[in-house]
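Pasted below: start-v3.pdb, PDB, C-alpha atoms, pLDDT in the B column.
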ATOM      1  CA  MET A  19      35.054 -47.284   6.412  1.00 54.00           C
ATOM      2  CA  LYS A  20      36.370 -44.593   8.764  1.00 54.00           C
ATOM      3  CA  HIS A  21      37.037 -42.357   5.756  1.00 51.00           C
ATOM      4  CA  CYS A  22      33.426 -42.676   4.614  1.00 50.00           C
ATOM      5  CA  LEU A  23      32.191 -41.814   8.099  1.00 46.00           C
ATOM      6  CA  TYR A  24      34.450 -38.731   8.329  1.00 47.00           C
ATOM      7  CA  LEU A  25      33.463 -37.568   4.829  1.00 45.00           C
ATOM      8  CA  SER A  26      29.792 -38.024   5.662  1.00 50.00           C
ATOM      9  CA  LEU A  27      30.158 -36.006   8.875  1.00 46.00           C
ATOM     10  CA  LEU A  28      32.124 -33.307   7.055  1.00 48.00           C
ATOM     11  CA  LEU A  29      29.467 -33.065   4.356  1.00 47.00           C
ATOM     12  CA  LEU A  30      26.748 -32.866   6.989  1.00 49.00           C
ATOM     13  CA  ALA A  31      28.623 -30.074   8.777  1.00 50.00           C
ATOM     14  CA  PHE A  32      28.900 -28.037   5.558  1.00 48.00           C
ATOM     15  CA  LEU A  33      25.220 -28.457   4.783  1.00 48.00           C
ATOM     16  CA  SER A  34      24.098 -27.441   8.264  1.00 52.00           C
ATOM     17  CA  CYS A  35      26.301 -24.317   8.291  1.00 52.00           C
ATOM     18  CA  GLY A  36      24.763 -22.856   5.137  1.00 49.00           C
ATOM     19  CA  GLU A  37      22.265 -20.033   5.450  1.00 49.00           C
ATOM     20  CA  ASP A  38      18.671 -21.087   4.948  1.00 50.00           C
ATOM     21  CA  GLU A  39      17.412 -18.602   2.357  1.00 48.00           C
ATOM     22  CA  SER A  40      13.792 -19.657   2.785  1.00 49.00           C
ATOM     23  CA  LYS A  41      13.875 -18.333   6.364  1.00 54.00           C
ATOM     24  CA  ASN A  42      15.094 -14.915   5.165  1.00 61.00           C
ATOM     25  CA  GLN A  43      12.688 -14.572   2.263  1.00 70.00           C
ATOM     26  CA  SER A  44       9.464 -12.662   2.811  1.00 82.00           C
ATOM     27  CA  PRO A  45       6.291 -14.791   2.686  1.00 88.00           C
ATOM     28  CA  ILE A  46       4.868 -12.256   0.215  1.00 92.00           C
ATOM     29  CA  SER A  47       7.969 -11.957  -1.956  1.00 91.00           C
ATOM     30  CA  GLU A  48       7.137 -11.566  -5.661  1.00 93.00           C
ATOM     31  CA  VAL A  49       3.438 -11.178  -4.847  1.00 94.00           C
ATOM     32  CA  THR A  50       1.134  -8.486  -6.251  1.00 95.00           C
ATOM     33  CA  TYR A  51      -1.969  -7.268  -4.430  1.00 95.00           C
ATOM     34  CA  ARG A  52      -4.782  -5.419  -6.245  1.00 94.00           C
ATOM     35  CA  GLN A  53      -6.923  -2.812  -4.526  1.00 92.00           C
ATOM     36  CA  ILE A  54     -10.595  -3.775  -4.142  1.00 92.00           C
ATOM     37  CA  SER A  55     -11.838  -0.954  -1.919  1.00 91.00           C
ATOM     38  CA  TYR A  56     -10.899   2.486  -0.680  1.00 89.00           C
ATOM     39  CA  THR A  57     -13.317   3.913   1.863  1.00 91.00           C
ATOM     40  CA  VAL A  58     -13.287   7.052   3.994  1.00 88.00           C
ATOM     41  CA  GLU A  59     -15.017   7.767   7.291  1.00 88.00           C
ATOM     42  CA  THR A  60     -17.022  10.733   5.972  1.00 84.00           C
ATOM     43  CA  ALA A  61     -18.826  10.755   2.618  1.00 86.00           C
ATOM     44  CA  ILE A  62     -17.441  13.208   0.056  1.00 83.00           C
ATOM     45  CA  ASP A  63     -18.462  14.138  -3.486  1.00 84.00           C
ATOM     46  CA  LEU A  64     -15.361  13.864  -5.673  1.00 81.00           C
ATOM     47  CA  ASN A  65     -17.107  13.698  -9.027  1.00 81.00           C
ATOM     48  CA  ASN A  66     -19.288  16.729  -8.164  1.00 81.00           C
ATOM     49  CA  ASP A  67     -22.557  15.020  -9.096  1.00 84.00           C
ATOM     50  CA  GLY A  68     -24.243  16.151  -5.887  1.00 84.00           C
ATOM     51  CA  VAL A  69     -24.066  12.665  -4.305  1.00 87.00           C
ATOM     52  CA  ALA A  70     -21.470  12.061  -1.607  1.00 86.00           C
ATOM     53  CA  SER A  71     -20.078   8.575  -0.966  1.00 88.00           C
ATOM     54  CA  THR A  72     -17.628   6.872   1.376  1.00 90.00           C
ATOM     55  CA  ASP A  73     -16.532   4.477  -1.433  1.00 90.00           C
ATOM     56  CA  LEU A  74     -13.905   6.462  -3.313  1.00 84.00           C
ATOM     57  CA  LEU A  75     -13.325   3.883  -6.045  1.00 85.00           C
ATOM     58  CA  GLU A  76     -17.008   4.109  -6.924  1.00 84.00           C
ATOM     59  CA  GLU A  77     -17.166   7.868  -6.377  1.00 81.00           C
ATOM     60  CA  ASN A  78     -14.454   8.702  -8.879  1.00 75.00           C
ATOM     61  CA  GLU A  79     -13.722   5.619 -10.933  1.00 73.00           C
ATOM     62  CA  GLN A  80     -12.396   7.649 -13.890  1.00 65.00           C
ATOM     63  CA  VAL A  81      -9.392   8.787 -11.843  1.00 64.00           C
ATOM     64  CA  LEU A  82      -9.127   6.313  -8.966  1.00 71.00           C
ATOM     65  CA  ASN A  83      -8.477   3.079 -10.762  1.00 76.00           C
ATOM     66  CA  PRO A  84      -7.684   0.262  -8.370  1.00 82.00           C
ATOM     67  CA  GLN A  85      -3.999   0.380  -7.497  1.00 85.00           C
ATOM     68  CA  GLU A  86      -1.543  -2.472  -7.172  1.00 89.00           C
ATOM     69  CA  ILE A  87       1.240  -3.166  -4.690  1.00 91.00           C
ATOM     70  CA  THR A  88       4.081  -5.475  -5.756  1.00 92.00           C
ATOM     71  CA  PHE A  89       6.431  -6.912  -3.145  1.00 93.00           C
ATOM     72  CA  LYS A  90       9.843  -7.741  -4.623  1.00 91.00           C
ATOM     73  CA  ALA A  91      12.274 -10.500  -3.606  1.00 88.00           C
ATOM     74  CA  ASN A  92      14.894  -8.008  -2.387  1.00 90.00           C
ATOM     75  CA  ASN A  93      12.433  -6.536   0.158  1.00 89.00           C
ATOM     76  CA  THR A  94      11.661  -3.541  -2.029  1.00 90.00           C
ATOM     77  CA  ILE A  95       8.189  -2.625  -3.118  1.00 89.00           C
ATOM     78  CA  ILE A  96       6.314  -0.845  -5.859  1.00 83.00           C
ATOM     79  CA  PRO A  97       3.952   1.031  -3.513  1.00 80.00           C
ATOM     80  CA  PRO A  98       0.573   2.637  -4.108  1.00 78.00           C
ATOM     81  CA  TYR A  99       0.601   6.360  -4.819  1.00 73.00           C
ATOM     82  CA  GLN A 100      -0.680   8.860  -2.274  1.00 72.00           C
ATOM     83  CA  ILE A 101      -4.244  10.004  -3.017  1.00 73.00           C
ATOM     84  CA  THR A 102      -4.860  13.703  -2.445  1.00 75.00           C
ATOM     85  CA  THR A 103      -8.023  15.684  -3.035  1.00 76.00           C
ATOM     86  CA  CYS A 104      -8.080  19.384  -3.757  1.00 75.00           C
ATOM     87  CA  VAL A 105     -10.760  21.700  -2.413  1.00 73.00           C
ATOM     88  CA  ALA A 106     -11.378  24.883  -4.388  1.00 73.00           C
ATOM     89  CA  GLN A 107     -14.026  27.542  -4.633  1.00 70.00           C
ATOM     90  CA  ASN A 108     -15.664  28.124  -8.017  1.00 70.00           C
ATOM     91  CA  GLY A 109     -17.860  31.178  -7.595  1.00 69.00           C
ATOM     92  CA  ASP A 110     -20.272  30.299  -4.819  1.00 70.00           C
ATOM     93  CA  GLU A 111     -19.663  26.566  -5.166  1.00 70.00           C
ATOM     94  CA  LEU A 112     -17.105  24.438  -3.422  1.00 70.00           C
ATOM     95  CA  MET A 113     -15.514  21.764  -5.546  1.00 75.00           C
ATOM     96  CA  GLU A 114     -13.460  18.836  -4.387  1.00 77.00           C
ATOM     97  CA  PHE A 115     -11.629  16.638  -6.859  1.00 76.00           C
ATOM     98  CA  VAL A 116      -8.738  14.191  -7.004  1.00 77.00           C
ATOM     99  CA  CYS A 117      -5.285  15.635  -7.633  1.00 71.00           C
ATOM    100  CA  LEU A 118      -2.691  12.898  -7.614  1.00 63.00           C
ATOM    101  CA  THR A 119       0.876  13.103  -6.457  1.00 62.00           C
ATOM    102  CA  VAL A 120       2.940  10.575  -8.366  1.00 62.00           C
ATOM    103  CA  GLU A 121       6.283   9.671  -6.828  1.00 67.00           C
ATOM    104  CA  ASN A 122       9.291   8.845  -8.961  1.00 66.00           C
ATOM    105  CA  TYR A 123      11.431   6.730  -6.708  1.00 69.00           C
ATOM    106  CA  LEU A 124      15.157   6.739  -7.518  1.00 76.00           C
ATOM    107  CA  GLN A 125      15.314   3.681  -5.314  1.00 82.00           C
ATOM    108  CA  PRO A 126      12.152   1.749  -4.567  1.00 86.00           C
ATOM    109  CA  PRO A 127      11.059   1.884  -0.929  1.00 89.00           C
ATOM    110  CA  SER A 128      11.642  -1.180   1.194  1.00 92.00           C
ATOM    111  CA  TYR A 129       9.271  -3.035   3.471  1.00 93.00           C
ATOM    112  CA  THR A 130       9.468  -5.184   6.559  1.00 92.00           C
ATOM    113  CA  ILE A 131       7.118  -7.797   7.957  1.00 93.00           C
ATOM    114  CA  ASN A 132       6.677  -8.476  11.649  1.00 93.00           C
ATOM    115  CA  GLY A 133       4.029 -11.114  12.221  1.00 93.00           C
ATOM    116  CA  ASN A 134       1.102  -9.956  10.076  1.00 95.00           C
ATOM    117  CA  THR A 135       2.145  -6.290  10.097  1.00 96.00           C
ATOM    118  CA  VAL A 136       3.665  -4.866   6.906  1.00 95.00           C
ATOM    119  CA  VAL A 137       5.577  -1.582   7.236  1.00 94.00           C
ATOM    120  CA  ILE A 138       6.522   0.309   4.067  1.00 91.00           C
ATOM    121  CA  ASP A 139       9.272   2.969   4.182  1.00 88.00           C
ATOM    122  CA  THR A 140       6.805   5.554   2.872  1.00 84.00           C
ATOM    123  CA  GLY A 141       4.970   5.438   6.200  1.00 86.00           C
ATOM    124  CA  LEU A 142       2.175   3.034   5.292  1.00 88.00           C
ATOM    125  CA  VAL A 143       1.447   0.313   7.833  1.00 93.00           C
ATOM    126  CA  GLY A 144      -0.815  -2.563   6.861  1.00 94.00           C
ATOM    127  CA  GLU A 145      -2.149  -5.814   8.239  1.00 97.00           C
ATOM    128  CA  LEU A 146      -2.062  -9.104   6.360  1.00 97.00           C
ATOM    129  CA  SER A 147      -4.765 -11.707   6.846  1.00 97.00           C
ATOM    130  CA  GLN A 148      -3.652 -15.050   8.306  1.00 96.00           C
ATOM    131  CA  ASP A 149      -3.800 -16.697   4.851  1.00 96.00           C
ATOM    132  CA  LEU A 150      -1.810 -13.743   3.336  1.00 95.00           C
ATOM    133  CA  ASP A 151      -4.563 -13.174   0.734  1.00 97.00           C
ATOM    134  CA  THR A 152      -5.785  -9.791   2.031  1.00 97.00           C
ATOM    135  CA  LEU A 153      -3.811  -6.680   2.920  1.00 96.00           C
ATOM    136  CA  ARG A 154      -5.505  -3.732   4.644  1.00 96.00           C
ATOM    137  CA  PHE A 155      -4.047  -0.277   5.279  1.00 93.00           C
ATOM    138  CA  GLN A 156      -5.458   2.387   7.580  1.00 90.00           C
ATOM    139  CA  GLU A 157      -4.298   5.727   6.266  1.00 86.00           C
ATOM    140  CA  PHE A 158      -5.370   9.324   5.743  1.00 82.00           C
ATOM    141  CA  LEU A 159      -6.810  10.857   2.607  1.00 79.00           C
ATOM    142  CA  GLN A 160      -4.960  14.161   2.222  1.00 76.00           C
ATOM    143  CA  ARG A 161      -7.169  17.165   1.433  1.00 76.00           C
ATOM    144  CA  ASP A 162      -5.357  20.205   0.027  1.00 72.00           C
ATOM    145  CA  HIS A 163      -6.904  23.658  -0.114  1.00 66.00           C
ATOM    146  CA  LEU A 164      -6.363  25.518  -3.394  1.00 63.00           C
ATOM    147  CA  ASN A 165      -6.316  29.244  -4.150  1.00 53.00           C
ATOM    148  CA  ASN A 166      -8.783  31.126  -1.944  1.00 47.00           C
ATOM    149  CA  TYR A 167     -10.192  28.034  -0.326  1.00 51.00           C
ATOM    150  CA  PRO A 168     -13.052  28.525   2.078  1.00 50.00           C
ATOM    151  CA  HIS A 169     -12.397  27.982   5.734  1.00 51.00           C
ATOM    152  CA  GLY A 170     -14.428  25.065   6.940  1.00 51.00           C
ATOM    153  CA  ASP A 171     -14.420  21.405   7.761  1.00 53.00           C
ATOM    154  CA  PHE A 172     -11.988  20.079   5.140  1.00 61.00           C
ATOM    155  CA  ASN A 173      -9.618  18.119   7.319  1.00 70.00           C
ATOM    156  CA  ASN A 174      -7.833  14.965   6.244  1.00 78.00           C
ATOM    157  CA  LEU A 175     -10.075  11.901   6.422  1.00 82.00           C
ATOM    158  CA  ALA A 176      -9.299   8.512   7.914  1.00 86.00           C
ATOM    159  CA  ALA A 177      -9.406   5.911   5.141  1.00 88.00           C
ATOM    160  CA  VAL A 178      -9.147   2.139   4.786  1.00 91.00           C
ATOM    161  CA  SER A 179      -7.640   0.651   1.650  1.00 91.00           C
ATOM    162  CA  THR A 180      -8.070  -3.081   1.039  1.00 94.00           C
ATOM    163  CA  TYR A 181      -6.035  -5.204  -1.377  1.00 94.00           C
ATOM    164  CA  VAL A 182      -6.286  -8.871  -2.380  1.00 97.00           C
ATOM    165  CA  ARG A 183      -3.588 -11.192  -3.717  1.00 96.00           C
ATOM    166  CA  GLU A 184      -3.696 -11.603  -7.479  1.00 92.00           C
TER     167      GLU A 184
END
Any chance you could put this one into structure tokens?
Amino acid sequence: MKHCLYLSLLLLAFLSCGEDESKNQSPISEVTYRQISYTVETAIDLNNDGVASTDLLEENEQVLNPQEITFKANNTIIPPYQITTCVAQNGDELMEFVCLTVENYLQPPSYTINGNTVVIDTGLVGELSQDLDTLRFQEFLQRDHLNNYPHGDFNNLAAVSTYVRE
């Protein structure tokens, strides 16, 4: 009987000393979020139709397809690409259009979660909703000046990008 008691206690000790992997795993591990909106503070005309908009997915849907973010089990991520617009002068007209910078990561960036805050190595910081279904980033839309760009009010714009769990 004593042997059974000692074996039971020994087994219990081994089980309690093991690392609890569920505590170390991210709550969004192996989850993909799809972009549903990308808005900027000041309306711009990216498709050069004469109508400016703050909704960039609507403004230039041919180029700005909704992006996805995939969080991997090893705390790496397939991040969204940086959106950049280019401002150029074409005769007397100013044109602004999307010029993408696509990153080829030799090693995927990593991410950390602290409470509801998600920090990606690329510099993006986002907030998760309490139910983990929505992820929102506040970022800046980069605006590059090409060739003999006009001097004017073409600063980077504050933007909000919203993603939902697929």
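Across the structure, atom CA of A:Glu77 and atom CA of A:Ala177 are spaced 14.0 Å apart.
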Counting all atoms listed in the file, write as a PyMOL selection string all protein and nucleic acid residues lying at most 8 Å from (-18.8, 17.9, -7.5) in the file's frame.
chain A and resi 63-68+112-115
Shell around A:Asp151 at 12 Å using all atoms listed in the file, local window under 3 positions removed, as a VMD selection string:
chain A and resid 45 to 46 49 to 53 134 145 to 148 154 180 to 184
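Residues captured in this structure file are Gln53, Ile54, Ser55, Tyr56, Thr57, Val58, Glu59, Thr60, Thr72, Asp73, Leu74, Leu75, Leu142, Val143, Gly144, Glu145, Leu153, Arg154, Phe155, Gln156, Glu157, Phe158, Leu159, Leu175, Ala176, Ala177, Ser179, Thr180 and Tyr181 of chain A, according to the PyMOL selection byres ((chain A and resi 178) around 12).
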Now that the selection is made, can you save its residues with C-alpha atoms as a PDB file, keeping the file's coordinate frame?
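The resulting file, selection-v2.pdb, is reproduced below:
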ATOM      1  CA  GLN A  53      -6.923  -2.812  -4.526  1.00 92.00           C
ATOM      2  CA  ILE A  54     -10.595  -3.775  -4.142  1.00 92.00           C
ATOM      3  CA  SER A  55     -11.838  -0.954  -1.919  1.00 91.00           C
ATOM      4  CA  TYR A  56     -10.899   2.486  -0.680  1.00 89.00           C
ATOM      5  CA  THR A  57     -13.317   3.913   1.863  1.00 91.00           C
ATOM      6  CA  VAL A  58     -13.287   7.052   3.994  1.00 88.00           C
ATOM      7  CA  GLU A  59     -15.017   7.767   7.291  1.00 88.00           C
ATOM      8  CA  THR A  60     -17.022  10.733   5.972  1.00 84.00           C
ATOM      9  CA  THR A  72     -17.628   6.872   1.376  1.00 90.00           C
ATOM     10  CA  ASP A  73     -16.532   4.477  -1.433  1.00 90.00           C
ATOM     11  CA  LEU A  74     -13.905   6.462  -3.313  1.00 84.00           C
ATOM     12  CA  LEU A  75     -13.325   3.883  -6.045  1.00 85.00           C
ATOM     13  CA  LEU A 142       2.175   3.034   5.292  1.00 88.00           C
ATOM     14  CA  VAL A 143       1.447   0.313   7.833  1.00 93.00           C
ATOM     15  CA  GLY A 144      -0.815  -2.563   6.861  1.00 94.00           C
ATOM     16  CA  GLU A 145      -2.149  -5.814   8.239  1.00 97.00           C
ATOM     17  CA  LEU A 153      -3.811  -6.680   2.920  1.00 96.00           C
ATOM     18  CA  ARG A 154      -5.505  -3.732   4.644  1.00 96.00           C
ATOM     19  CA  PHE A 155      -4.047  -0.277   5.279  1.00 93.00           C
ATOM     20  CA  GLN A 156      -5.458   2.387   7.580  1.00 90.00           C
ATOM     21  CA  GLU A 157      -4.298   5.727   6.266  1.00 86.00           C
ATOM     22  CA  PHE A 158      -5.370   9.324   5.743  1.00 82.00           C
ATOM     23  CA  LEU A 159      -6.810  10.857   2.607  1.00 79.00           C
ATOM     24  CA  LEU A 175     -10.075  11.901   6.422  1.00 82.00           C
ATOM     25  CA  ALA A 176      -9.299   8.512   7.914  1.00 86.00           C
ATOM     26  CA  ALA A 177      -9.406   5.911   5.141  1.00 88.00           C
ATOM     27  CA  SER A 179      -7.640   0.651   1.650  1.00 91.00           C
ATOM     28  CA  THR A 180      -8.070  -3.081   1.039  1.00 94.00           C
ATOM     29  CA  TYR A 181      -6.035  -5.204  -1.377  1.00 94.00           C
TER      30      TYR A 181
END
One decimal, Å: what's the distance from atom CA of A:Asp149 over to atom CA of A:Gly133, could you say?
12.1 Å
For A:Gln125, work out the shell of residues within 12 Å, counting only C-alpha atoms and skipping chain neighbours fewer than 6 positions away, then give it as number ranges by chain.
A: 93-97, 139-140
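With atom CA of A:Thr130 on one side and atom CA of A:Thr103 on the other, the separation reads 28.9 Å.
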